[in-house]
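Next comes upload-v2.txt, with compact mmCIF, C-alpha atoms.
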```
# COMPACT_ATOMS: atom_id res chain seq x y z
CA MET A 673 -14.72 11.85 -5.51
CA PHE A 674 -14.90 9.41 -2.63
CA LYS A 675 -17.83 8.91 -0.30
CA LEU A 676 -17.32 8.64 3.42
CA LEU A 677 -19.05 6.27 5.79
CA THR A 678 -19.79 8.31 8.88
CA PHE A 679 -23.07 7.22 10.45
CA PHE A 680 -22.04 4.49 12.88
CA ILE A 681 -23.82 3.52 16.11
CA PHE A 682 -21.81 1.17 18.31
CA LEU A 683 -23.94 -0.57 20.89
CA SER A 684 -21.07 -2.23 22.68
CA ILE A 685 -17.31 -2.50 22.40
CA LYS A 686 -15.55 -5.27 24.24
CA SER A 687 -11.90 -6.18 24.41
CA PHE A 688 -11.24 -9.77 23.39
CA ALA A 689 -8.21 -11.56 21.98
CA ALA A 690 -8.58 -15.32 21.71
CA LEU A 691 -6.06 -15.77 18.93
CA ASP A 692 -2.34 -15.22 19.46
CA VAL A 693 -1.06 -13.60 16.27
CA THR A 694 2.32 -12.21 17.26
CA ILE A 695 4.33 -11.70 14.13
CA SER A 696 7.35 -13.64 15.37
CA GLN A 697 5.61 -17.00 15.67
CA GLY A 698 5.46 -17.89 11.98
CA GLN A 699 2.50 -19.55 10.29
CA VAL A 700 -0.74 -19.56 12.26
CA GLU A 701 -3.32 -22.34 11.96
CA PRO A 702 -6.43 -20.57 10.59
CA THR A 703 -9.27 -20.21 13.08
CA PRO A 704 -12.69 -21.54 11.99
CA ILE A 705 -15.51 -18.97 11.97
CA ALA A 706 -19.12 -19.55 10.89
CA ILE A 707 -20.89 -16.68 9.14
CA THR A 708 -24.63 -17.17 8.89
CA GLN A 709 -26.77 -15.84 6.07
CA ILE A 710 -27.32 -12.09 6.52
CA PHE A 711 -31.09 -11.93 6.46
CA GLY A 712 -32.92 -9.09 4.70
CA SER A 713 -36.57 -8.10 4.89
CA GLU A 714 -36.78 -7.29 1.16
CA ALA A 715 -35.09 -8.43 -2.03
CA ASP A 716 -32.74 -5.43 -2.16
CA THR A 717 -31.67 -5.73 1.46
CA ALA A 718 -31.16 -9.48 1.08
CA ARG A 719 -28.86 -8.72 -1.88
CA TYR A 720 -26.92 -6.21 0.23
CA GLY A 721 -26.64 -8.82 2.95
CA ASN A 722 -25.23 -11.40 0.54
CA THR A 723 -22.64 -8.89 -0.69
CA ILE A 724 -21.58 -7.93 2.82
CA ARG A 725 -21.32 -11.56 3.89
CA GLU A 726 -19.16 -12.45 0.88
CA ILE A 727 -16.83 -9.52 1.56
CA ILE A 728 -16.43 -10.46 5.23
CA SER A 729 -15.72 -14.10 4.40
CA ASN A 730 -13.18 -13.23 1.69
CA ASN A 731 -11.41 -10.65 3.87
CA LEU A 732 -11.03 -12.94 6.86
CA THR A 733 -9.89 -15.86 4.68
CA ASN A 734 -7.37 -13.70 2.79
CA SER A 735 -5.80 -12.61 6.08
CA GLY A 736 -4.55 -16.16 6.56
CA LEU A 737 -5.81 -16.18 10.16
CA PHE A 738 -9.34 -17.52 9.54
CA TYR A 739 -11.33 -19.89 7.41
CA THR A 740 -15.08 -19.87 6.96
CA VAL A 741 -16.86 -23.08 7.97
CA ASN A 742 -18.79 -24.63 5.05
CA GLU A 743 -22.42 -23.50 5.18
CA ASP A 744 -23.61 -27.00 4.27
CA LEU A 745 -22.55 -28.11 7.75
CA TYR A 746 -24.69 -25.55 9.61
CA ILE A 747 -27.27 -27.17 11.87
CA GLN A 748 -28.90 -23.92 13.00
CA SER A 749 -29.83 -21.64 10.11
CA ASP A 750 -32.18 -19.00 11.55
CA ASN A 751 -31.48 -15.34 12.37
CA LEU A 752 -29.33 -15.21 15.51
CA VAL A 753 -29.33 -11.44 15.99
CA GLU A 754 -32.39 -11.55 18.27
CA LYS A 755 -31.96 -14.99 19.83
CA VAL A 756 -29.18 -16.86 21.60
CA PRO A 757 -27.45 -19.48 19.41
CA ARG A 758 -27.50 -23.14 20.29
CA PHE A 759 -23.78 -23.20 20.93
CA GLU A 760 -23.60 -27.01 21.04
CA ASP A 761 -24.75 -27.12 17.39
CA TRP A 762 -21.86 -24.87 16.39
CA LYS A 763 -19.35 -26.79 18.50
CA LEU A 764 -20.29 -29.95 16.61
CA ILE A 765 -19.09 -28.43 13.33
CA LYS A 766 -15.89 -27.09 14.94
CA ALA A 767 -16.77 -23.40 14.59
CA GLN A 768 -14.78 -21.43 17.16
CA PHE A 769 -16.57 -18.15 16.43
CA LEU A 770 -19.98 -17.29 15.02
CA LEU A 771 -21.04 -14.12 13.20
CA SER A 772 -24.69 -13.36 12.57
CA ALA A 773 -26.29 -10.23 11.09
CA ASP A 774 -29.40 -8.86 9.41
CA VAL A 775 -30.25 -5.85 7.24
CA LYS A 776 -33.40 -3.77 6.92
CA LYS A 777 -34.40 -0.58 5.09
CA SER A 778 -35.13 2.47 7.24
CA ASP A 779 -35.94 6.13 6.60
CA LYS A 780 -32.21 6.89 7.08
CA GLY A 781 -30.88 4.21 4.75
CA ILE A 782 -30.04 0.56 5.37
CA ARG A 783 -29.76 -0.65 8.95
CA LEU A 784 -27.38 -3.49 9.75
CA ARG A 785 -27.30 -5.33 13.08
CA MET A 786 -24.48 -7.72 13.93
CA ARG A 787 -23.52 -10.08 16.74
CA LEU A 788 -20.27 -11.97 17.18
CA TYR A 789 -20.10 -14.98 19.50
CA ASP A 790 -17.33 -17.05 21.06
CA VAL A 791 -18.74 -20.53 20.50
CA PHE A 792 -16.46 -22.48 22.86
CA ASN A 793 -17.17 -20.16 25.79
CA GLY A 794 -20.81 -19.61 24.86
CA THR A 795 -20.53 -15.81 25.09
CA GLU A 796 -21.27 -12.75 22.98
CA ILE A 797 -18.12 -10.72 22.32
CA GLU A 798 -19.49 -7.95 20.07
CA LYS A 799 -22.83 -6.36 19.30
CA LEU A 800 -23.34 -3.39 17.02
CA GLN A 801 -25.83 -1.59 14.86
CA LEU A 802 -25.00 0.79 12.04
CA THR A 803 -26.87 2.64 9.34
CA ILE A 804 -25.70 2.74 5.73
CA PRO A 805 -26.91 6.07 4.31
CA ASP A 806 -26.00 5.21 0.70
CA GLU A 807 -26.07 1.84 -1.05
CA ASP A 808 -22.75 2.73 -2.73
CA LEU A 809 -21.18 2.28 0.72
CA VAL A 810 -22.23 -1.36 1.09
CA ARG A 811 -18.73 -2.62 0.23
CA ARG A 812 -17.22 -0.32 2.85
CA VAL A 813 -19.60 -1.73 5.44
CA GLY A 814 -18.36 -5.23 4.61
CA HIS A 815 -14.78 -4.08 5.13
CA THR A 816 -15.65 -2.24 8.35
CA VAL A 817 -17.41 -5.26 9.86
CA SER A 818 -14.43 -7.38 8.83
CA ASP A 819 -12.14 -5.02 10.76
CA ILE A 820 -14.33 -5.25 13.85
CA VAL A 821 -14.38 -9.06 13.77
CA TYR A 822 -10.63 -9.23 13.15
CA GLU A 823 -9.87 -6.85 16.01
CA ARG A 824 -12.22 -8.45 18.55
CA ILE A 825 -10.78 -11.91 17.94
CA THR A 826 -7.07 -11.19 17.40
CA GLY A 827 -6.57 -8.07 19.52
CA GLU A 828 -4.86 -6.41 16.53
CA THR A 829 -6.22 -3.48 14.55
CA GLY A 830 -7.75 -4.54 11.25
CA TYR A 831 -6.72 -3.39 7.79
CA PHE A 832 -9.68 -4.17 5.52
CA ASP A 833 -11.32 -0.74 5.24
CA THR A 834 -8.34 0.64 3.36
CA ARG A 835 -7.27 1.44 -0.18
CA ILE A 836 -4.21 0.80 -2.30
CA VAL A 837 -2.83 3.35 -4.74
CA TYR A 838 -0.51 2.00 -7.41
CA VAL A 839 0.88 2.56 -10.90
CA SER A 840 -1.18 0.85 -13.59
CA GLU A 841 0.95 -0.20 -16.56
CA VAL A 842 0.20 -1.22 -20.13
CA GLY A 843 2.16 -1.47 -23.38
CA PRO A 844 5.60 -2.75 -24.46
CA LEU A 845 8.41 -2.50 -21.92
CA ASP A 846 10.20 0.27 -23.81
CA GLN A 847 7.01 2.36 -24.26
CA ARG A 848 5.13 1.73 -21.06
CA ILE A 849 2.03 3.87 -20.32
CA LYS A 850 1.79 4.40 -16.56
CA ARG A 851 -1.23 5.83 -14.77
CA LEU A 852 -2.09 6.36 -11.13
CA ALA A 853 -4.89 4.06 -10.01
CA ILE A 854 -6.65 3.34 -6.72
CA MET A 855 -8.71 0.42 -5.41
CA ASP A 856 -9.91 -1.26 -2.23
CA GLN A 857 -7.30 -3.43 -0.54
CA ASP A 858 -8.95 -6.59 -1.91
CA GLY A 859 -8.59 -5.37 -5.51
CA HIS A 860 -12.31 -5.70 -6.27
CA LEU A 861 -13.00 -4.34 -9.75
CA ASP A 862 -15.99 -2.24 -8.60
CA SER A 863 -13.66 -0.19 -6.40
CA HIS A 864 -11.07 0.48 -9.10
CA GLN A 865 -10.49 4.01 -10.46
CA PHE A 866 -7.83 5.67 -12.59
CA LEU A 867 -6.54 8.99 -11.23
CA THR A 868 -4.36 10.18 -14.13
CA ASP A 869 -4.75 9.93 -17.91
CA GLY A 870 -1.44 8.29 -18.80
CA LYS A 871 -0.07 11.20 -20.84
CA ASN A 872 2.83 11.57 -18.42
CA LEU A 873 4.86 8.90 -16.65
CA VAL A 874 4.03 8.57 -12.92
CA LEU A 875 5.97 6.79 -10.16
CA THR A 876 6.10 6.22 -6.38
CA PRO A 877 2.62 7.22 -5.15
CA ARG A 878 2.35 7.44 -1.34
CA PHE A 879 -0.58 8.15 0.98
CA ALA A 880 -0.70 10.88 3.57
CA PRO A 881 -1.67 9.69 7.06
CA ASN A 882 -4.88 11.72 6.73
CA ASN A 883 -6.06 9.28 4.00
CA GLN A 884 -7.34 11.81 1.51
CA THR A 885 -4.09 12.96 -0.10
CA ILE A 886 -1.46 11.26 -2.24
CA THR A 887 2.02 12.43 -3.15
CA TYR A 888 3.76 11.04 -6.22
CA MET A 889 6.32 11.81 -8.90
CA GLU A 890 5.36 12.67 -12.47
CA TYR A 891 7.53 13.25 -15.52
CA LYS A 892 6.24 16.31 -17.38
CA ASN A 893 8.25 17.64 -20.33
CA ASN A 894 10.86 14.99 -19.42
CA LEU A 895 11.38 16.59 -16.00
CA PRO A 896 10.38 14.74 -12.80
CA ARG A 897 8.35 16.71 -10.30
CA VAL A 898 6.64 15.87 -7.02
CA TYR A 899 2.88 16.44 -6.91
CA ILE A 900 0.12 16.28 -4.31
CA TYR A 901 -3.27 14.85 -5.33
CA ASN A 902 -6.44 15.48 -3.29
CA LEU A 903 -8.64 12.39 -3.47
CA LEU A 904 -11.77 14.22 -2.34
CA THR A 905 -11.63 16.96 -4.98
CA GLY A 906 -9.48 15.42 -7.72
CA GLU A 907 -7.28 18.53 -7.65
CA ARG A 908 -3.50 18.34 -7.75
CA GLU A 909 -0.63 20.74 -7.22
CA ILE A 910 3.11 20.71 -7.79
CA VAL A 911 5.36 20.68 -4.73
CA GLY A 912 7.98 23.27 -5.54
CA ASP A 913 9.06 24.04 -9.11
CA PHE A 914 12.81 23.54 -8.71
CA PRO A 915 15.38 23.67 -11.52
CA GLY A 916 16.54 20.10 -10.85
CA MET A 917 14.78 16.78 -10.22
CA THR A 918 12.51 16.02 -7.28
CA PHE A 919 11.48 12.43 -6.62
CA ALA A 920 10.78 9.67 -4.03
CA PRO A 921 8.36 11.73 -1.87
CA ARG A 922 6.75 10.64 1.40
CA PHE A 923 4.58 12.45 3.92
CA SER A 924 5.56 13.07 7.53
CA PRO A 925 3.32 11.35 10.12
CA ASP A 926 1.38 14.59 10.71
CA SER A 927 0.87 15.13 6.94
CA GLN A 928 2.28 18.66 7.26
CA SER A 929 5.59 18.01 5.50
CA ILE A 930 7.04 15.98 2.66
CA VAL A 931 10.48 14.41 2.71
CA MET A 932 11.93 13.81 -0.76
CA SER A 933 15.06 13.60 -2.88
CA PHE A 934 16.33 16.54 -4.90
CA SER A 935 19.02 16.49 -7.55
CA GLU A 936 20.64 19.65 -8.87
CA PRO A 937 20.73 20.14 -12.67
CA ASN A 938 23.50 18.32 -14.54
CA THR A 939 24.57 16.22 -11.56
CA ALA A 940 24.03 12.60 -10.56
CA ASN A 941 24.11 13.48 -6.89
CA SER A 942 20.86 13.72 -4.90
CA GLU A 943 20.19 14.90 -1.36
CA ILE A 944 17.23 14.56 0.98
CA TYR A 945 15.11 17.62 1.71
CA LEU A 946 12.16 18.29 3.99
CA MET A 947 9.47 20.68 2.78
CA ASP A 948 6.91 22.31 5.08
CA LEU A 949 3.66 22.18 3.12
CA ASN A 950 2.24 25.24 4.87
CA THR A 951 5.17 27.60 4.29
CA ARG A 952 6.84 25.73 1.38
CA SER A 953 10.18 26.25 3.14
CA LEU A 954 12.93 23.72 2.42
CA ASN A 955 15.37 22.14 4.87
CA LYS A 956 18.34 20.20 3.48
CA LEU A 957 18.89 17.10 5.61
CA THR A 958 21.86 15.40 3.90
CA ASP A 959 25.01 16.76 2.29
CA ASP A 960 27.25 14.15 0.70
CA SER A 961 28.77 13.34 -2.67
CA GLY A 962 26.79 10.09 -2.81
CA ILE A 963 23.18 9.51 -3.83
CA ASP A 964 20.75 9.84 -0.91
CA THR A 965 17.17 8.81 -1.69
CA SER A 966 14.03 6.86 -0.67
CA PRO A 967 13.44 8.54 2.71
CA SER A 968 10.74 7.24 5.10
CA PHE A 969 9.72 8.65 8.48
CA SER A 970 9.43 6.64 11.68
CA PRO A 971 5.79 6.67 12.85
CA ASP A 972 6.58 9.06 15.71
CA GLY A 973 8.23 11.48 13.27
CA SER A 974 11.52 11.59 15.14
CA LYS A 975 13.73 9.73 12.63
CA ILE A 976 14.10 9.08 8.92
CA VAL A 977 15.38 5.93 7.24
CA PHE A 978 16.85 6.27 3.76
CA ASN A 979 19.03 4.68 1.12
CA SER A 980 22.54 5.94 0.28
CA ASP A 981 25.60 4.80 -1.66
CA ARG A 982 27.89 7.13 0.31
CA GLY A 983 29.87 4.13 1.52
CA GLY A 984 30.42 2.70 -1.97
CA SER A 985 27.32 0.58 -2.47
CA PRO A 986 23.65 1.37 -1.68
CA GLN A 987 22.93 0.68 2.00
CA ILE A 988 20.32 1.70 4.59
CA PHE A 989 20.91 4.60 6.97
CA ILE A 990 18.86 6.33 9.65
CA MET A 991 19.09 9.89 10.96
CA ASP A 992 17.18 12.26 13.18
CA LYS A 993 14.47 14.29 11.47
CA ASP A 994 16.85 17.28 11.36
CA GLY A 995 19.59 15.25 9.63
CA LYS A 996 21.74 14.72 12.72
CA ASN A 997 23.03 11.44 14.24
CA LEU A 998 23.27 9.74 10.85
CA LYS A 999 24.39 6.10 10.88
CA ARG A 1000 24.30 3.01 8.70
CA ILE A 1001 22.13 0.15 9.94
CA SER A 1002 22.21 -2.47 7.13
CA LYS A 1003 24.71 -5.17 8.02
CA GLY A 1004 24.19 -8.04 5.62
CA ARG A 1005 25.62 -8.91 2.24
CA GLY A 1006 24.17 -7.30 -0.89
CA VAL A 1007 22.79 -4.02 -2.18
CA TYR A 1008 19.94 -2.49 -0.16
CA GLY A 1009 17.13 -0.12 -1.15
CA ASN A 1010 13.48 0.96 -0.70
CA PRO A 1011 13.51 1.12 3.12
CA VAL A 1012 10.17 1.86 4.77
CA TRP A 1013 9.35 2.09 8.47
CA SER A 1014 6.58 -0.09 9.89
CA PRO A 1015 3.54 1.80 11.27
CA ARG A 1016 4.16 -0.04 14.53
CA GLY A 1017 7.65 1.40 14.66
CA ASP A 1018 9.24 -1.99 15.29
CA TYR A 1019 10.61 -2.98 11.85
CA ILE A 1020 12.01 -1.56 8.65
CA ALA A 1021 11.13 -3.34 5.41
CA PHE A 1022 13.63 -3.25 2.55
CA VAL A 1023 14.62 -4.64 -0.83
CA LYS A 1024 17.98 -6.34 -1.25
CA ASN A 1025 19.79 -7.55 -4.36
CA ILE A 1026 22.38 -10.32 -4.35
CA ARG A 1027 22.80 -11.15 -8.00
CA PRO A 1028 20.87 -12.61 -9.69
CA ASP A 1029 18.06 -12.54 -7.11
CA PHE A 1030 16.03 -9.88 -5.33
CA TYR A 1031 14.77 -10.18 -1.77
CA ILE A 1032 12.22 -8.36 0.36
CA GLY A 1033 12.88 -8.55 4.06
CA VAL A 1034 12.46 -6.86 7.42
CA MET A 1035 14.96 -5.86 10.08
CA ASP A 1036 14.89 -4.28 13.52
CA THR A 1037 15.21 -0.50 13.46
CA ASN A 1038 18.88 -0.80 14.48
CA GLY A 1039 19.57 -3.27 11.64
CA ASP A 1040 19.60 -6.40 13.80
CA ASN A 1041 17.65 -9.61 13.13
CA GLU A 1042 17.40 -9.22 9.36
CA ARG A 1043 14.90 -11.72 7.98
CA ILE A 1044 13.98 -12.44 4.35
CA VAL A 1045 10.26 -12.61 3.58
CA VAL A 1046 10.24 -13.39 -0.15
CA LYS A 1047 12.79 -14.02 -2.93
CA ASP A 1048 12.45 -13.85 -6.74
CA PHE A 1049 13.88 -12.59 -10.03
CA SER A 1050 12.63 -9.01 -9.51
CA LEU A 1051 10.88 -7.60 -6.42
CA GLU A 1052 10.33 -3.93 -5.54
CA SER A 1053 8.48 -1.36 -3.42
CA PRO A 1054 7.44 -3.02 -0.15
CA ALA A 1055 4.64 -1.16 1.65
CA TRP A 1056 3.09 -1.89 5.05
CA SER A 1057 -0.50 -2.62 6.00
CA PRO A 1058 -1.72 -0.08 8.58
CA ASN A 1059 -1.56 -2.69 11.35
CA GLY A 1060 2.06 -3.61 10.53
CA ARG A 1061 1.42 -7.31 9.99
CA TYR A 1062 1.39 -7.54 6.18
CA LEU A 1063 3.37 -6.22 3.23
CA ILE A 1064 2.40 -5.49 -0.35
CA PHE A 1065 5.00 -5.30 -3.12
CA TYR A 1066 5.29 -5.86 -6.83
CA ARG A 1067 6.94 -8.67 -8.74
CA GLN A 1068 8.15 -8.41 -12.34
CA GLN A 1069 8.48 -11.47 -14.56
CA ARG A 1070 11.39 -11.94 -16.93
CA SER A 1071 11.02 -10.30 -20.32
CA ASN A 1072 11.31 -12.23 -23.57
CA THR A 1073 14.08 -11.78 -26.12
CA ASP A 1074 11.68 -9.91 -28.42
CA GLY A 1075 10.89 -7.34 -25.70
CA THR A 1076 7.51 -8.78 -24.75
CA GLY A 1077 6.66 -10.21 -21.36
CA GLY A 1078 7.98 -8.62 -18.20
CA GLU A 1079 4.54 -8.43 -16.62
CA THR A 1080 4.26 -6.81 -13.19
CA THR A 1081 1.82 -7.93 -10.50
CA ILE A 1082 1.03 -6.68 -7.00
CA HIS A 1083 1.35 -9.18 -4.17
CA PHE A 1084 0.30 -9.47 -0.52
CA ILE A 1085 2.21 -11.47 2.10
CA ASP A 1086 2.37 -11.96 5.86
CA ILE A 1087 5.72 -10.66 7.12
CA THR A 1088 6.49 -14.11 8.47
CA GLY A 1089 6.73 -15.16 4.81
CA TYR A 1090 3.54 -17.16 4.29
CA ASN A 1091 0.07 -16.57 2.80
CA GLU A 1092 1.31 -14.82 -0.33
CA ARG A 1093 -1.37 -13.96 -2.89
CA ILE A 1094 -1.83 -11.70 -5.91
CA ILE A 1095 -4.00 -8.60 -5.54
CA PRO A 1096 -5.89 -8.45 -8.86
CA THR A 1097 -5.56 -5.36 -11.07
CA PRO A 1098 -7.16 -4.76 -14.51
CA ARG A 1099 -3.73 -4.19 -16.05
CA ASP A 1100 -0.17 -4.69 -14.84
CA GLY A 1101 0.50 -3.03 -11.47
CA SER A 1102 3.60 -1.66 -9.73
CA ASP A 1103 4.67 0.77 -6.97
CA PRO A 1104 1.81 -0.03 -4.55
CA ALA A 1105 1.16 1.97 -1.38
CA TRP A 1106 -1.32 1.21 1.40
CA SER A 1107 -3.62 3.79 2.98
CA PRO A 1108 -4.31 4.05 6.70
CA LEU A 1109 -7.73 2.92 7.88
CA LEU A 1110 -10.48 5.08 6.43
```
Here is the file; what I need is its structure written in the form of structure tokens.
Amino acid sequence: MFKLLTFFIFLSIKSFAALDVTISQGQVEPTPIAITQIFGSEADTARYGNTIREIISNNLTNSGLFYTVNEDLYIQSDNLVEKVPRFEDWKLIKAQFLLSADVKKSDKGIRLRMRLYDVFNGTEIEKLQLTIPDEDLVRRVGHTVSDIVYERITGETGYFDTRIVYVSEVGPLDQRIKRLAIMDQDGHLDSHQFLTDGKNLVLTPRFAPNNQTITYMEYKNNLPRVYIYNLLTGEREIVGDFPGMTFAPRFSPDSQSIVMSFSEPNTANSEIYLMDLNTRSLNKLTDDSGIDTSPSFSPDGSKIVFNSDRGGSPQIFIMDKDGKNLKRISKGRGVYGNPVWSPRGDYIAFVKNIRPDFYIGVMDTNGDNERIVVKDFSLESPAWSPNGRYLIFYRQQRSNTDGTGGETTIHFIDITGYNERIIPTPRDGSDPAWSPLL
């Protein structure tokens, strides 16, 4: 179903971090980068070059850490892949970095060469060549080059060559049709695909760390079940056909297990279970009269954060992966839910409700230093970018008295609380989840 980009030739890899982007410092002044025209030897390759250039510029701008210098200001406009730039010309227009590339057809596909320069220091900081074996992969090349530029300048891992799975919604609020859908992280329409037909309600899709598998919950015959969906083959399978309800699944960091909630028939209580996907054996991790749900592994696999009302109101707890050493970590006022561990291991994102408002925030893994990122009428399902700097979530608008309205949209935000933007979807979108780098 999905094509892989595998034929990369890196000519040099240098470590460089000119931009301090620590997540505690708040808003960063965007860094100016010039991106020259990506020259092509033929009409087709020139078109590919224009597409790749547009993707790189949009990605870097959307990160909130860069802005692209207006091309009308460029003094030097020739191909700078095979010649040294006149750095003084680029200093005059305040470009701090300069990216130049060209594309050419070869017997193996489309060859792209790229050079990245530090204008102020007059040095080359990256040089690479890669071959694109299939023109359908041109968008992925744009995302991959964006990741390389982002990483060489900031010192952080990029996040552009990734996908987002979400629940696509359409119809009145009381008869909503919900389908699994997937797209590139920028929401470009050409990358959008539906994965299910909408006959059954679907919720809470989550990626496996191996990229090619999704787990989610689906209501079939009015009974919720956890499924696994293989993105490469389009095949799916049920994860245990239990007599009760299974929901809120997430993969372990090694993709070999799923942690999920299970509720016995005719009871409101739910516990957290761990299933080994190889043996299908179950391990019960919690045992309490309250509702335990929304489990999420720490990136090293040693602990699980989850949501429980065992103390009276829903709060956030952590425990060892075997269910031991359980303790509450949420300390603030309000009702907590949807906890999810950062891929860096340093924060836990969460949703909190203090009537009438909802909040999405982050806290240290021991519950200290809680900080609100965004506030609104209805916010749900925070999910981390693979580099741990950004969150996606969905926002629902208020419904009208006649039952219309209530639209849901997927949003992107820096965890310092700035640079929020909507990720476009063809229909309403909810329950987003971010893949690791492809």
Nearby residues (all atoms listed in the file) at most 7 Å from A:Asp964, same-chain spacing under 6 positions excluded, as a list in words: Ser942, Glu943, Ile944, Asn979 and Ser980 of chain A
Closest contacts (stretch 877-993 of chain A/stretch 830-838 of chain A, max 12 Å, all atoms listed in the file) as a tab-separated table:
```
residue	atom	partner	partner_atom	distance
A:Pro877	CA	A:Tyr838	CA	6.5
A:Arg878	CA	A:Val837	CA	7.4
A:Phe879	CA	A:Val837	CA	7.8
A:Ala880	CA	A:Val837	CA	11.4
A:Pro881	CA	A:Thr834	CA	11.8
A:Asn883	CA	A:Thr834	CA	9.0
A:Gln884	CA	A:Arg835	CA	10.5
A:Thr885	CA	A:Val837	CA	10.7
A:Ile886	CA	A:Val837	CA	8.4
A:Thr887	CA	A:Val837	CA	10.4
A:Tyr888	CA	A:Tyr838	CA	10.1
A:Tyr901	CA	A:Val837	CA	11.5
A:Leu903	CA	A:Val837	CA	10.8
```
Test item: which residues lie within 9 Å of (7.2, -6.8, -4.0) counting all atoms listed in the file, as a list in words: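 Those within range, by chain then number, are Val1023, Tyr1031, Ile1032, Val1046, Ser1050, Leu1051, Glu1052, Ser1053, Pro1054, Ala1055, Leu1063, Ile1064, Phe1065, Tyr1066, Arg1067, Gln1068, Thr1081, Ile1082, His1083, Phe1084, Ser1102, Asp1103 and Pro1104 of chain A.
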One-decimal distance in Å that lies between atom CA of A:Asp948 and atom CA of A:Asp926: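 Atom-to-atom, atom CA of A:Asp926 and atom CA of A:Asp948 are spaced 11.0 Å apart.
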Polymer residues at most 10 Å from A:Glu754, only C-alpha atoms, same-chain spacing of 5 or more positions, as a list of chain:residue names: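 The neighbour list is A:Ser772, A:Ala773, A:Asp774, A:Arg785, A:Met786, A:Arg787.
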Among the residues A:Leu752, A:Val700, A:Ile820, A:Ile963, the one that comes closest to A:Gly984 [using all atoms listed in the file]: A:Ile963
Would you mind putting N, CA and C atoms back on stretch 699-711 of chain A and writing the result as a PDB file, in the coordinates of the input?
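And here is the file that came out, selection.pdb:
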```pdb
ATOM      1  N   GLN A 699       3.835 -19.253  10.802  1.00  0.00           N
ATOM      2  CA  GLN A 699       2.500 -19.550  10.290  1.00  0.00           C
ATOM      3  C   GLN A 699       1.532 -19.891  11.402  1.00  0.00           C
ATOM      4  N   VAL A 700       0.310 -19.331  11.286  1.00  0.00           N
ATOM      5  CA  VAL A 700      -0.740 -19.560  12.260  1.00  0.00           C
ATOM      6  C   VAL A 700      -1.772 -20.507  11.659  1.00  0.00           C
ATOM      7  N   GLU A 701      -2.245 -21.472  12.418  1.00  0.00           N
ATOM      8  CA  GLU A 701      -3.320 -22.340  11.960  1.00  0.00           C
ATOM      9  C   GLU A 701      -4.601 -21.516  11.895  1.00  0.00           C
ATOM     10  N   PRO A 702      -5.236 -21.419  10.705  1.00  0.00           N
ATOM     11  CA  PRO A 702      -6.430 -20.570  10.590  1.00  0.00           C
ATOM     12  C   PRO A 702      -7.534 -20.991  11.557  1.00  0.00           C
ATOM     13  N   THR A 703      -8.208 -19.993  12.105  1.00  0.00           N
ATOM     14  CA  THR A 703      -9.270 -20.210  13.080  1.00  0.00           C
ATOM     15  C   THR A 703     -10.613 -20.336  12.369  1.00  0.00           C
ATOM     16  N   PRO A 704     -11.401 -21.362  12.661  1.00  0.00           N
ATOM     17  CA  PRO A 704     -12.690 -21.540  11.990  1.00  0.00           C
ATOM     18  C   PRO A 704     -13.756 -20.577  12.524  1.00  0.00           C
ATOM     19  N   ILE A 705     -14.410 -19.859  11.620  1.00  0.00           N
ATOM     20  CA  ILE A 705     -15.510 -18.970  11.970  1.00  0.00           C
ATOM     21  C   ILE A 705     -16.700 -19.291  11.066  1.00  0.00           C
ATOM     22  N   ALA A 706     -17.885 -19.360  11.653  1.00  0.00           N
ATOM     23  CA  ALA A 706     -19.120 -19.550  10.890  1.00  0.00           C
ATOM     24  C   ALA A 706     -19.770 -18.193  10.683  1.00  0.00           C
ATOM     25  N   ILE A 707     -20.208 -17.927   9.467  1.00  0.00           N
ATOM     26  CA  ILE A 707     -20.890 -16.680   9.140  1.00  0.00           C
ATOM     27  C   ILE A 707     -22.254 -17.035   8.575  1.00  0.00           C
ATOM     28  N   THR A 708     -23.297 -16.784   9.328  1.00  0.00           N
ATOM     29  CA  THR A 708     -24.630 -17.170   8.890  1.00  0.00           C
ATOM     30  C   THR A 708     -25.097 -16.254   7.758  1.00  0.00           C
ATOM     31  N   GLN A 709     -26.136 -16.681   7.073  1.00  0.00           N
ATOM     32  CA  GLN A 709     -26.770 -15.840   6.070  1.00  0.00           C
ATOM     33  C   GLN A 709     -27.179 -14.515   6.712  1.00  0.00           C
ATOM     34  N   ILE A 710     -26.898 -13.397   6.024  1.00  0.00           N
ATOM     35  CA  ILE A 710     -27.320 -12.090   6.520  1.00  0.00           C
ATOM     36  C   ILE A 710     -28.716 -11.829   5.996  1.00  0.00           C
ATOM     37  N   PHE A 711     -29.692 -11.982   6.868  1.00  0.00           N
ATOM     38  CA  PHE A 711     -31.090 -11.930   6.460  1.00  0.00           C
ATOM     39  C   PHE A 711     -31.500 -10.504   6.114  1.00  0.00           C
TER      40      PHE A 711
END
```
